[in-house]
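Peer 1: This is upload.txt (compact mmCIF, C-alpha atoms).
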# COMPACT_ATOMS: atom_id res chain seq x y z
CA MET A 2 23.04 -13.66 81.60
CA LYS A 3 26.71 -12.86 81.84
CA HIS A 4 27.06 -15.44 84.61
CA LEU A 5 25.65 -18.18 82.44
CA ILE A 6 28.61 -18.80 80.17
CA PRO A 7 31.20 -19.33 82.91
CA LEU A 8 28.80 -21.55 84.83
CA LEU A 9 28.13 -23.75 81.83
CA GLY A 10 31.84 -23.78 81.05
CA ILE A 11 32.67 -24.99 84.54
CA ALA A 12 29.98 -27.65 84.35
CA LEU A 13 31.24 -28.89 80.99
CA GLY A 14 34.81 -28.98 82.25
CA ILE A 15 33.86 -31.00 85.28
CA MET A 16 31.81 -33.39 83.18
CA LEU A 17 34.64 -34.00 80.73
CA SER A 18 37.29 -34.38 83.41
CA ILE A 19 35.24 -36.87 85.37
CA ALA A 20 33.73 -38.78 82.48
CA ALA A 21 37.04 -39.70 80.89
CA PRO A 22 38.61 -41.55 83.83
CA LYS A 23 35.29 -43.11 84.76
CA GLN A 24 35.04 -44.54 81.27
CA ALA A 25 38.42 -46.13 81.68
CA LEU A 26 37.33 -47.57 85.01
CA ALA A 27 34.30 -49.33 83.55
CA GLN A 28 34.21 -52.51 85.54
CA LYS A 29 34.60 -55.99 84.18
CA LYS A 30 32.89 -58.91 85.79
CA ILE A 31 34.95 -60.43 88.58
CA GLU A 32 36.20 -63.91 87.84
CA ASN A 33 35.77 -66.27 90.77
CA PRO A 34 34.36 -63.81 93.33
CA ASP A 35 34.96 -64.70 96.98
CA ILE A 36 31.51 -63.53 98.03
CA THR A 37 28.26 -62.93 96.18
CA ILE A 38 25.50 -60.98 97.89
CA ASN A 39 21.87 -60.57 96.93
CA VAL A 40 20.43 -57.13 97.55
CA ALA A 41 16.77 -56.07 97.48
CA GLY A 42 15.80 -52.56 96.43
CA LEU A 43 18.26 -52.17 93.58
CA ALA A 44 16.30 -50.33 90.92
CA CYS A 45 18.47 -47.68 89.35
CA PRO A 46 22.21 -47.46 88.73
CA PHE A 47 22.47 -43.91 90.07
CA CYS A 48 20.96 -44.91 93.41
CA ALA A 49 23.09 -48.06 93.59
CA TYR A 50 26.27 -46.01 93.51
CA GLY A 51 26.09 -45.78 97.29
CA LEU A 52 26.18 -49.57 97.54
CA GLU A 53 29.43 -49.67 95.62
CA LYS A 54 30.87 -46.93 97.81
CA LYS A 55 29.94 -48.65 101.06
CA LEU A 56 31.14 -52.09 99.98
CA LYS A 57 34.45 -50.74 98.72
CA LYS A 58 35.11 -49.16 102.10
CA LEU A 59 34.99 -52.50 103.89
CA ASP A 60 38.35 -53.77 105.09
CA GLY A 61 39.72 -56.49 102.88
CA VAL A 62 37.66 -55.71 99.80
CA ALA A 63 39.72 -55.62 96.61
CA ALA A 64 37.03 -55.25 93.96
CA ILE A 65 33.28 -54.98 93.55
CA TYR A 66 31.04 -55.81 90.62
CA VAL A 67 27.41 -54.78 90.82
CA ASN A 68 24.90 -56.63 88.67
CA ILE A 69 21.79 -54.55 88.99
CA ASP A 70 19.60 -56.77 86.82
CA GLU A 71 20.30 -59.76 89.02
CA GLY A 72 20.18 -57.71 92.21
CA GLN A 73 23.63 -58.98 93.12
CA ALA A 74 27.10 -57.74 93.92
CA ASP A 75 30.24 -59.81 93.61
CA ILE A 76 33.06 -59.16 96.05
CA LYS A 77 36.70 -60.01 95.55
CA LEU A 78 38.80 -59.96 98.70
CA LYS A 79 42.44 -59.14 99.10
CA LYS A 80 44.67 -62.13 99.69
CA GLU A 81 44.38 -63.79 103.07
CA THR A 82 41.58 -61.53 104.27
CA THR A 83 38.11 -62.33 105.44
CA LEU A 84 34.82 -60.46 105.57
CA ALA A 85 32.07 -61.05 108.08
CA GLU A 86 28.45 -61.20 107.00
CA ALA A 87 27.56 -58.66 109.71
CA ASN A 88 29.90 -56.11 108.16
CA ILE A 89 28.39 -56.69 104.73
CA LYS A 90 24.90 -56.31 106.15
CA LYS A 91 25.81 -53.02 107.82
CA ALA A 92 27.31 -51.66 104.59
CA VAL A 93 24.24 -52.63 102.55
CA GLU A 94 21.88 -51.07 105.10
CA ASP A 95 23.92 -47.87 105.27
CA ALA A 96 23.63 -47.68 101.50
CA GLY A 97 19.84 -47.84 101.76
CA PHE A 98 19.16 -51.39 100.64
CA THR A 99 18.30 -54.76 102.17
CA LEU A 100 20.68 -57.71 102.22
CA THR A 101 18.80 -60.91 101.42
CA LYS A 102 21.54 -63.48 100.93
CA VAL A 103 25.29 -63.92 101.30
CA THR A 104 27.10 -66.68 99.47
CA TYR A 105 30.74 -67.42 100.29
CA ALA A 106 32.56 -69.16 97.45
CA ASN A 107 34.96 -70.74 99.88
CA GLU A 108 35.29 -71.07 103.63
CA SER A 109 38.54 -69.11 103.71
CA ALA A 110 36.63 -65.87 103.12
CA LYS A 111 34.66 -66.34 106.34
CA PRO A 112 36.21 -64.85 109.47
CA ASP A 113 34.99 -67.62 111.74
CA LYS A 114 36.31 -70.52 109.70
CA MET B 25 15.89 -5.36 81.83
CA LYS B 26 12.25 -5.89 82.57
CA ILE B 27 11.59 -9.24 84.15
CA PHE B 28 7.99 -9.02 85.22
CA ASN B 29 4.89 -7.71 83.57
CA THR B 30 3.64 -5.63 86.44
CA SER B 31 0.09 -4.54 86.89
CA ASN B 32 -1.57 -5.78 89.99
CA PRO B 33 -3.11 -4.50 93.19
CA LEU B 34 -0.26 -5.80 95.30
CA GLY B 35 2.22 -3.43 93.76
CA ASN B 36 5.21 -4.13 91.59
CA SER B 37 7.76 -4.97 94.23
CA VAL B 38 5.47 -7.34 96.10
CA LYS B 39 4.50 -9.04 92.89
CA GLY B 40 8.09 -9.46 91.84
CA LEU B 41 8.97 -10.97 95.16
CA PHE B 42 5.94 -13.20 95.05
CA LEU B 43 6.71 -14.49 91.58
CA LEU B 44 10.23 -15.31 92.57
CA ALA B 45 8.99 -17.05 95.67
CA VAL B 46 6.59 -19.11 93.58
CA PHE B 47 9.33 -19.85 91.11
CA TYR B 48 11.53 -21.00 93.96
CA VAL B 49 8.92 -22.73 96.06
CA GLY B 50 8.91 -25.84 93.92
CA SER B 51 12.52 -26.52 94.62
CA SER B 52 13.46 -24.77 97.83
CA THR B 53 12.54 -27.69 100.05
CA ALA B 54 13.85 -30.29 97.69
CA VAL B 55 16.32 -32.84 98.93
CA ARG B 56 17.44 -33.92 95.52
CA ALA B 57 18.44 -37.43 94.72
CA HIS B 58 17.05 -38.95 91.56
CA GLU B 59 13.59 -37.49 91.79
CA PRO B 60 10.99 -36.11 89.42
CA ILE B 61 12.30 -33.19 87.41
CA PHE B 62 9.87 -30.59 88.72
CA GLY B 63 8.46 -32.38 91.74
CA ILE B 64 9.97 -34.22 94.62
CA GLY B 65 10.06 -37.80 95.82
CA PRO B 66 10.98 -39.84 98.88
CA ARG B 67 14.45 -40.86 97.73
CA THR B 68 17.28 -40.03 100.12
CA ILE B 69 21.01 -40.61 99.84
CA TRP B 70 23.23 -43.19 101.50
CA MET B 71 24.63 -42.67 105.00
CA TYR B 72 27.19 -39.85 104.96
CA GLY B 73 26.66 -39.46 101.22
CA LEU B 74 26.96 -35.99 99.80
CA GLY B 75 25.24 -34.68 96.69
CA PHE B 76 25.36 -31.43 94.79
CA GLU B 77 23.01 -30.11 92.19
CA ALA B 78 23.13 -27.03 90.00
CA ARG B 79 20.06 -26.34 87.94
CA LEU B 80 19.44 -23.73 85.27
CA ASN B 81 15.82 -22.59 84.98
CA ILE B 82 14.53 -20.51 82.13
CA GLN B 83 11.09 -18.96 81.91
CA SER B 84 9.67 -15.92 80.27
CA TYR B 85 7.05 -13.59 81.70
CA THR B 86 7.57 -11.08 78.95
CA ARG B 87 9.52 -11.09 75.72
CA GLU B 88 12.69 -11.43 77.71
CA ALA B 89 13.48 -14.71 79.39
CA MET B 90 14.29 -15.01 83.05
CA TYR B 91 17.32 -17.12 83.86
CA GLU B 92 17.90 -18.51 87.29
CA MET B 93 20.20 -21.02 88.90
CA ASP B 94 19.14 -23.27 91.78
CA TYR B 95 21.80 -24.83 93.98
CA HIS B 96 21.20 -27.78 96.26
CA THR B 97 23.38 -29.75 98.61
CA ILE B 98 22.20 -32.98 100.20
CA PHE B 99 23.79 -34.95 103.03
CA GLY B 100 22.71 -38.33 104.32
CA LEU B 101 22.54 -38.56 108.11
CA ASN B 102 21.69 -42.18 107.56
CA ALA B 103 20.26 -44.16 104.68
CA ASP B 104 16.72 -42.91 105.33
CA TRP B 105 17.27 -39.42 106.66
CA ALA B 106 18.77 -36.56 104.68
CA ILE B 107 19.20 -32.83 105.12
CA SER B 108 19.65 -30.25 102.43
CA LEU B 109 20.64 -26.65 101.85
CA SER B 110 19.25 -24.77 98.88
CA THR B 111 19.39 -21.33 97.39
CA HIS B 112 18.81 -19.70 94.06
CA GLN B 113 20.50 -17.05 91.99
CA PRO B 114 18.77 -15.02 89.32
CA LEU B 115 21.15 -14.45 86.45
CA ASN B 116 19.38 -11.43 85.03
CA THR B 117 18.40 -9.47 88.08
CA PRO B 118 17.18 -5.87 87.98
CA ASP B 119 20.70 -4.96 89.00
CA SER B 120 22.50 -7.20 86.57
CA GLN B 121 25.92 -6.16 87.84
CA ALA B 122 25.32 -7.63 91.28
CA LEU B 123 25.77 -11.25 92.26
CA GLN B 124 22.61 -11.90 94.26
CA PHE B 125 21.37 -14.98 96.03
CA GLY B 126 17.91 -15.82 97.31
CA ASN B 127 16.82 -17.05 100.68
CA LEU B 128 18.45 -20.11 102.18
CA GLY B 129 16.29 -23.20 102.30
CA ILE B 130 17.09 -25.77 104.97
CA SER B 131 15.12 -28.94 104.56
CA THR B 132 14.99 -32.49 105.69
CA LYS B 133 13.46 -35.69 104.50
CA TYR B 134 12.89 -38.80 106.58
CA ARG B 135 11.98 -42.02 104.85
CA PHE B 136 9.68 -43.62 107.40
CA PHE B 137 8.62 -46.53 105.20
CA ARG B 138 10.74 -48.62 102.89
CA ASN B 139 9.98 -52.00 101.41
CA ASP B 140 12.88 -53.23 99.33
CA VAL B 141 11.86 -55.85 96.82
CA GLU B 142 13.75 -57.57 94.07
CA GLY B 143 14.47 -54.91 91.46
CA GLY B 144 12.50 -52.16 93.13
CA VAL B 145 11.48 -50.26 96.21
CA TYR B 146 8.23 -48.97 97.70
CA HIS B 147 8.96 -46.07 99.99
CA ALA B 148 7.48 -43.00 101.64
CA ALA B 149 8.97 -40.01 103.37
CA VAL B 150 7.94 -37.04 105.42
CA LEU B 151 9.32 -33.71 104.22
CA GLY B 152 10.01 -30.55 106.14
CA GLY B 153 11.78 -27.32 105.44
CA VAL B 154 12.21 -23.71 106.32
CA GLU B 155 13.31 -20.76 104.23
CA LEU B 156 15.39 -18.26 106.10
CA PRO B 157 15.29 -14.61 104.99
CA ILE B 158 19.00 -14.15 104.54
CA GLY B 159 18.94 -13.66 100.78
CA ASP B 160 19.04 -10.39 98.91
CA ASP B 161 15.83 -8.48 99.49
CA ASP B 162 15.60 -7.59 95.79
CA ILE B 163 14.98 -11.18 94.79
CA SER B 164 13.56 -12.94 97.85
CA PRO B 165 10.82 -12.11 100.33
CA ASN B 166 12.13 -11.01 103.69
CA THR B 167 10.14 -13.68 105.49
CA THR B 168 10.61 -17.03 107.17
CA ASP B 169 8.37 -19.61 105.54
CA VAL B 170 7.82 -23.25 106.40
CA VAL B 171 7.01 -26.23 104.21
CA ALA B 172 5.88 -29.71 105.26
CA GLY B 173 4.73 -32.63 103.18
CA LEU B 174 4.50 -36.32 102.40
CA SER B 175 5.88 -38.23 99.47
CA GLY B 176 5.48 -41.80 98.30
CA ALA B 177 6.86 -43.73 95.37
CA TYR B 178 7.46 -47.02 93.70
CA GLU B 179 10.71 -47.23 91.79
CA GLY B 180 11.35 -50.32 89.73
CA ARG B 181 13.62 -51.32 86.91
CA ARG B 182 10.97 -50.51 84.29
CA TRP B 183 8.34 -48.24 85.88
CA LEU B 184 8.50 -45.48 88.43
CA MET B 185 5.62 -43.65 90.14
CA PHE B 186 5.77 -40.71 92.52
CA THR B 187 3.14 -38.71 94.36
CA THR B 188 3.82 -35.85 96.74
CA GLY B 189 1.87 -33.17 98.58
CA ARG B 190 3.42 -30.16 100.31
CA TYR B 191 1.91 -27.37 102.34
CA ARG B 192 3.71 -24.05 102.45
CA LEU B 193 2.93 -21.87 105.45
CA ASN B 194 3.65 -18.30 104.41
CA THR B 195 4.18 -15.42 106.77
CA ASN B 196 3.67 -11.67 106.54
CA LEU B 197 5.47 -9.49 104.06
CA ASN B 198 5.24 -5.70 104.13
CA GLY B 199 2.00 -5.85 106.10
CA ILE B 200 0.46 -8.39 103.78
CA HIS B 201 -0.32 -11.86 105.03
CA ARG B 202 0.46 -14.00 102.03
CA GLY B 203 -1.87 -16.91 101.50
CA ASP B 204 -0.55 -20.37 102.15
CA ALA B 205 0.13 -22.67 99.23
CA PHE B 206 -0.47 -26.35 98.62
CA LEU B 207 1.74 -28.04 96.06
CA TYR B 208 1.18 -31.49 94.66
CA ASP B 209 3.07 -33.62 92.19
CA ILE B 210 2.24 -36.81 90.36
CA ALA B 211 4.95 -38.32 88.21
CA LEU B 212 5.29 -41.41 86.06
CA GLY B 213 8.59 -42.65 84.72
CA ILE B 214 9.70 -45.38 82.41
CA ARG B 215 13.12 -46.81 81.74
CA PRO B 216 12.84 -47.79 78.06
CA ILE B 217 16.15 -49.64 78.00
CA GLN B 218 17.39 -51.44 81.07
CA THR B 219 21.11 -50.99 80.97
CA GLY B 220 23.67 -52.34 83.39
CA TYR B 221 25.10 -50.64 86.44
CA TYR B 222 28.22 -49.51 84.61
CA ASP B 223 26.35 -48.11 81.61
CA PRO B 224 24.51 -44.81 81.12
CA ASP B 225 20.89 -45.00 82.27
CA VAL B 226 17.92 -43.07 80.88
CA VAL B 227 14.51 -42.64 82.50
CA LEU B 228 11.75 -40.65 80.78
CA MET B 229 9.45 -38.73 83.10
CA ALA B 230 5.97 -37.25 82.72
CA GLU B 231 4.63 -35.15 85.57
CA PHE B 232 1.70 -33.10 86.73
CA ASN B 233 2.61 -30.35 89.14
CA GLY B 234 -0.19 -28.42 90.81
CA GLN B 235 -0.19 -25.27 92.91
CA ILE B 236 -3.09 -23.98 95.00
CA PHE B 237 -2.68 -20.52 96.47
CA GLY B 238 -4.67 -19.08 99.35
CA ALA B 239 -5.76 -15.46 99.36
CA ASN B 240 -3.46 -12.67 100.49
CA LYS B 241 -4.81 -10.46 103.25
CA ARG B 242 -4.08 -6.96 104.48
CA ASN B 243 -5.48 -6.05 107.87
CA GLY B 244 -7.69 -9.09 107.66
CA GLN B 245 -9.17 -8.03 104.34
CA VAL B 246 -8.80 -10.38 101.40
CA LEU B 247 -6.95 -8.79 98.53
CA PRO B 248 -8.68 -9.28 95.19
CA ASN B 249 -7.23 -11.64 92.59
CA SER B 250 -4.73 -13.02 95.01
CA LYS B 251 -5.73 -16.67 95.14
CA GLY B 252 -6.23 -19.46 92.68
CA ASP B 253 -4.76 -22.64 91.39
CA ARG B 254 -2.81 -23.83 88.45
CA LEU B 255 -1.58 -27.05 86.94
CA PHE B 256 1.49 -27.76 84.88
CA ALA B 257 2.45 -30.76 82.80
CA GLY B 258 6.13 -31.58 82.83
CA PHE B 259 8.25 -33.79 80.64
CA GLY B 260 11.84 -34.62 81.22
CA ALA B 261 14.52 -37.23 81.57
CA TRP B 262 17.09 -38.51 83.99
CA ILE B 263 20.26 -39.28 82.15
CA THR B 264 22.67 -40.80 84.61
CA TYR B 265 26.07 -42.33 84.49
CA ARG B 266 27.25 -43.77 87.78
CA ASN B 267 27.24 -40.86 90.22
CA TRP B 268 26.40 -38.17 87.65
CA ALA B 269 22.90 -37.17 86.65
CA PHE B 270 21.76 -34.80 83.92
CA LYS B 271 18.14 -33.76 84.11
CA PRO B 272 16.59 -31.74 81.29
CA GLY B 273 12.90 -30.91 81.37
CA ILE B 274 10.11 -28.68 80.16
CA GLN B 275 7.04 -27.66 82.14
CA LEU B 276 3.93 -26.41 80.33
CA PRO B 277 0.90 -24.66 81.85
CA VAL B 278 -2.26 -26.75 81.58
CA TYR B 279 -4.77 -24.92 83.74
CA ASP B 280 -4.69 -21.59 85.50
CA ASN B 281 -7.13 -19.27 87.22
CA VAL B 282 -4.60 -17.08 88.95
CA VAL B 283 -5.30 -13.57 87.76
CA ARG B 284 -2.13 -11.86 88.79
CA GLU B 285 0.03 -13.27 86.01
CA ASN B 286 -0.07 -15.79 83.21
CA PRO B 287 1.97 -18.95 83.60
CA VAL B 288 4.51 -19.63 80.93
CA PRO B 289 6.59 -22.64 79.89
CA ARG B 290 9.60 -23.32 82.00
CA PHE B 291 12.74 -25.07 80.88
CA THR B 292 15.23 -26.62 83.22
CA PHE B 293 18.54 -28.42 83.04
CA GLY B 294 20.09 -29.85 86.16
CA ILE B 295 23.43 -31.50 86.84
CA GLU B 296 23.70 -33.61 89.96
CA PHE B 297 26.79 -35.23 91.40
CA HIS B 298 27.01 -37.62 94.36
CA ILE B 299 30.15 -38.47 96.31
Taking this structure as input, can you express it in the form of structure tokens?

Peer 2:
Amino acid sequence: MKHLIPLLGIALGIMLSIAAPKQALAQKKIENPDITINVAGLACPFCAYGLEKKLKKLDGVAAIYVNIDEGQADIKLKKETTLAEANIKKAVEDAGFTLTKVTYANESAKPDK
Amino acid sequence: MKIFNTSNPLGNSVKGLFLLAVFYVGSSTAVRAHEPIFGIGPRTIWMYGLGFEARLNIQSYTREAMYEMDYHTIFGLNADWAISLSTHQPLNTPDSQALQFGNLGISTKYRFFRNDVEGGVYHAAVLGGVELPIGDDDISPNTTDVVAGLSGAYEGRRWLMFTTGRYRLNTNLNGIHRGDAFLYDIALGIRPIQTGYYDPDVVLMAEFNGQIFGANKRNGQVLPNSKGDRLFAGFGAWITYRNWAFKPGIQLPVYDNVVRENPVPRFTFGIEFHI
């Protein structure tokens, strides 16, 4: 029983330290996304965290907004960068979901323009 | 501190080890990732994803409660294949001054079927695991045991359903061949409020968790009162916020014909973190 208090203390400390910055990072919807993708299999926010991680790791990605109810993710690219559909597909599959549609808002976001 | 009410033909030490093994068996092959509170499901983690879970379990065989921590680590080899390491740590061991850990569970889960649909997924996985006898002998059987199973689920935005069966192949302990065990879980979940991705998410879970034990044998002779089956009803919740999950639950005995000890309610609280 003597181990219980420090364990719970550590857990509480971690929770508080992580929760505070995460709260501040609560995402706002991206205005004028460069790419919108439709993803099948999105059911729970906890499981969709991997999708955010994988998409954010793609070169050129500036911001991500996941809309789980719509089964979509909006992608904002850094200036003068492009993102191939194949790379998006790989990221979605590595996250454990299925890419069903990719919509480019403008041709400049496509690498093979 | 007396942890177990001991009076059985197997002897006190064997019984203590057995109870701890039973206590641990439900989680030792788990590859945690948003699954039923007391059971297991087919969910894996994303490719190269890493998850940690610490879980406090409380149950009482006598007037004094038994406290135990379970620790799990999960790693995604790819989006459908994960491996996990697990161990457990009684907090009030017979030697309360010692920091003791149980056997090491190494398990894997391969999701061989996945049908992603809009707002949900149908999936199934094969489960496998082995428990290596490297834990403290006081709290874990000095045996190498193997578990294999199948799990299937539907997870949607509103409803979730899980069903899993696992077979535990036990080996000999102190000249006793411990009977194998079959474990099964049925779980139903509901998300009463469908919040957004950036909001906290709550899923309420109701589960049935069954255990069927084969007879123990010594020199080929069946030991009396060593087999039986039991059923628990579990209630709990997933409370998640992005990559954090908090999982409280209570498991109540519903049916039992195992003579060697009486099942008691079990409380659990898990914290899971994915990076």

Peer 1: Let me make sure I understand: among B:Tyr265, B:Phe237, B:Trp105, B:Phe186, which one has the smallest atom-to-atom distance to chain A if we use all atoms listed in the file?

Peer 2: B:Tyr265

Peer 1: How many Å separate atom CA of B:Ile236 from atom CA of B:Gly213?

Peer 2: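 Answer for the atom CA of B:Ile236 to atom CA of B:Gly213 separation: 24.3 Å.
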
Peer 1: Near stretch 71-76 of chain A, counting all atoms listed in the file, which residues have an atom at most 10 Å away, once you skip same-chain residues fewer than 3 positions from it, shown as number ranges by chain?

Peer 2: A: 30-44, 52-53, 56-57, 61-68, 79, 84, 100-105; B: 141-144, 220

Peer 1: Separation of atom CA of B:Met71 and atom CA of B:Tyr95, in Å?

Peer 2: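 Separation between atom CA of B:Met71 and atom CA of B:Tyr95: 21.2 Å.
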
Peer 1: Go through A:Leu78, A:Ala96, A:Ala87, A:Ala49 and flag the residue nearest chain B, using only C-alpha atoms for the distances.

Peer 2: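 Counting only C-alpha atoms, the residue closest to chain B is A:Ala96.
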
Peer 1: Generate the coordinates of N, CA and C atoms for stretch 271-299 of chain B; report them as an mmCIF file, in the coordinates of the input.

Peer 2:
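part04.cif, freshly written:
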data_model
loop_
_atom_site.group_PDB
_atom_site.id
_atom_site.type_symbol
_atom_site.label_atom_id
_atom_site.label_comp_id
_atom_site.auth_asym_id
_atom_site.auth_seq_id
_atom_site.Cartn_x
_atom_site.Cartn_y
_atom_site.Cartn_z
ATOM 1 N N LYS B 271 19.594 -33.728 84.033
ATOM 2 C CA LYS B 271 18.140 -33.760 84.110
ATOM 3 C C LYS B 271 17.514 -32.594 83.336
ATOM 4 N N PRO B 272 17.291 -32.776 82.054
ATOM 5 C CA PRO B 272 16.590 -31.740 81.290
ATOM 6 C C PRO B 272 15.081 -31.909 81.410
ATOM 7 N N GLY B 273 14.351 -30.820 81.294
ATOM 8 C CA GLY B 273 12.900 -30.910 81.370
ATOM 9 C C GLY B 273 12.212 -29.655 80.878
ATOM 10 N N ILE B 274 10.944 -29.804 80.537
ATOM 11 C CA ILE B 274 10.110 -28.680 80.160
ATOM 12 C C ILE B 274 8.785 -28.807 80.896
ATOM 13 N N GLN B 275 8.286 -27.684 81.382
ATOM 14 C CA GLN B 275 7.040 -27.660 82.140
ATOM 15 C C GLN B 275 6.076 -26.697 81.442
ATOM 16 N N LEU B 276 4.888 -27.213 81.098
ATOM 17 C CA LEU B 276 3.930 -26.410 80.330
ATOM 18 C C LEU B 276 2.673 -26.158 81.161
ATOM 19 N N PRO B 277 2.145 -24.936 81.112
ATOM 20 C CA PRO B 277 0.900 -24.660 81.850
ATOM 21 C C PRO B 277 -0.278 -25.374 81.217
ATOM 22 N N VAL B 278 -1.088 -26.027 82.052
ATOM 23 C CA VAL B 278 -2.260 -26.750 81.580
ATOM 24 C C VAL B 278 -3.545 -26.028 81.983
ATOM 25 N N TYR B 279 -3.576 -25.581 83.213
ATOM 26 C CA TYR B 279 -4.770 -24.920 83.740
ATOM 27 C C TYR B 279 -4.325 -23.809 84.678
ATOM 28 N N ASP B 280 -5.076 -22.710 84.656
ATOM 29 C CA ASP B 280 -4.690 -21.590 85.500
ATOM 30 C C ASP B 280 -5.879 -20.667 85.716
ATOM 31 N N ASN B 281 -6.144 -20.321 86.965
ATOM 32 C CA ASN B 281 -7.130 -19.270 87.220
ATOM 33 C C ASN B 281 -6.565 -18.218 88.160
ATOM 34 N N VAL B 282 -5.253 -18.118 88.167
ATOM 35 C CA VAL B 282 -4.600 -17.080 88.950
ATOM 36 C C VAL B 282 -4.541 -15.824 88.095
ATOM 37 N N VAL B 283 -5.136 -14.760 88.597
ATOM 38 C CA VAL B 283 -5.300 -13.570 87.760
ATOM 39 C C VAL B 283 -4.025 -12.760 87.661
ATOM 40 N N ARG B 284 -3.203 -12.847 88.709
ATOM 41 C CA ARG B 284 -2.130 -11.860 88.790
ATOM 42 C C ARG B 284 -1.067 -11.998 87.697
ATOM 43 N N GLU B 285 -0.872 -13.168 87.156
ATOM 44 C CA GLU B 285 0.030 -13.270 86.010
ATOM 45 C C GLU B 285 -0.269 -14.557 85.258
ATOM 46 N N ASN B 286 0.154 -14.601 84.024
ATOM 47 C CA ASN B 286 -0.070 -15.790 83.210
ATOM 48 C C ASN B 286 1.115 -16.730 83.323
ATOM 49 N N PRO B 287 0.849 -18.004 83.550
ATOM 50 C CA PRO B 287 1.970 -18.950 83.600
ATOM 51 C C PRO B 287 2.554 -19.154 82.208
ATOM 52 N N VAL B 288 3.803 -19.453 82.200
ATOM 53 C CA VAL B 288 4.510 -19.630 80.930
ATOM 54 C C VAL B 288 5.324 -20.908 81.005
ATOM 55 N N PRO B 289 5.743 -21.440 79.854
ATOM 56 C CA PRO B 289 6.590 -22.640 79.890
ATOM 57 C C PRO B 289 7.885 -22.375 80.640
ATOM 58 N N ARG B 290 8.358 -23.418 81.245
ATOM 59 C CA ARG B 290 9.600 -23.320 82.000
ATOM 60 C C ARG B 290 10.517 -24.443 81.540
ATOM 61 N N PHE B 291 11.739 -24.092 81.286
ATOM 62 C CA PHE B 291 12.740 -25.070 80.880
ATOM 63 C C PHE B 291 13.745 -25.223 82.014
ATOM 64 N N THR B 292 14.242 -26.409 82.162
ATOM 65 C CA THR B 292 15.230 -26.620 83.220
ATOM 66 C C THR B 292 16.281 -27.619 82.764
ATOM 67 N N PHE B 293 17.469 -27.438 83.284
ATOM 68 C CA PHE B 293 18.540 -28.420 83.040
ATOM 69 C C PHE B 293 19.375 -28.504 84.308
ATOM 70 N N GLY B 294 19.366 -29.667 84.912
ATOM 71 C CA GLY B 294 20.090 -29.850 86.160
ATOM 72 C C GLY B 294 21.245 -30.827 86.004
ATOM 73 N N ILE B 295 22.300 -30.572 86.751
ATOM 74 C CA ILE B 295 23.430 -31.500 86.840
ATOM 75 C C ILE B 295 23.607 -31.865 88.306
ATOM 76 N N GLU B 296 23.599 -33.148 88.580
ATOM 77 C CA GLU B 296 23.700 -33.610 89.960
ATOM 78 C C GLU B 296 24.890 -34.558 90.078
ATOM 79 N N PHE B 297 25.558 -34.470 91.196
ATOM 80 C CA PHE B 297 26.790 -35.230 91.400
ATOM 81 C C PHE B 297 26.801 -35.745 92.841
ATOM 82 N N HIS B 298 26.977 -37.026 93.017
ATOM 83 C CA HIS B 298 27.010 -37.620 94.360
ATOM 84 C C HIS B 298 28.403 -38.161 94.678
ATOM 85 N N ILE B 299 28.859 -37.911 95.902
ATOM 86 C CA ILE B 299 30.150 -38.470 96.310
ATOM 87 C C ILE B 299 29.991 -39.130 97.680
#
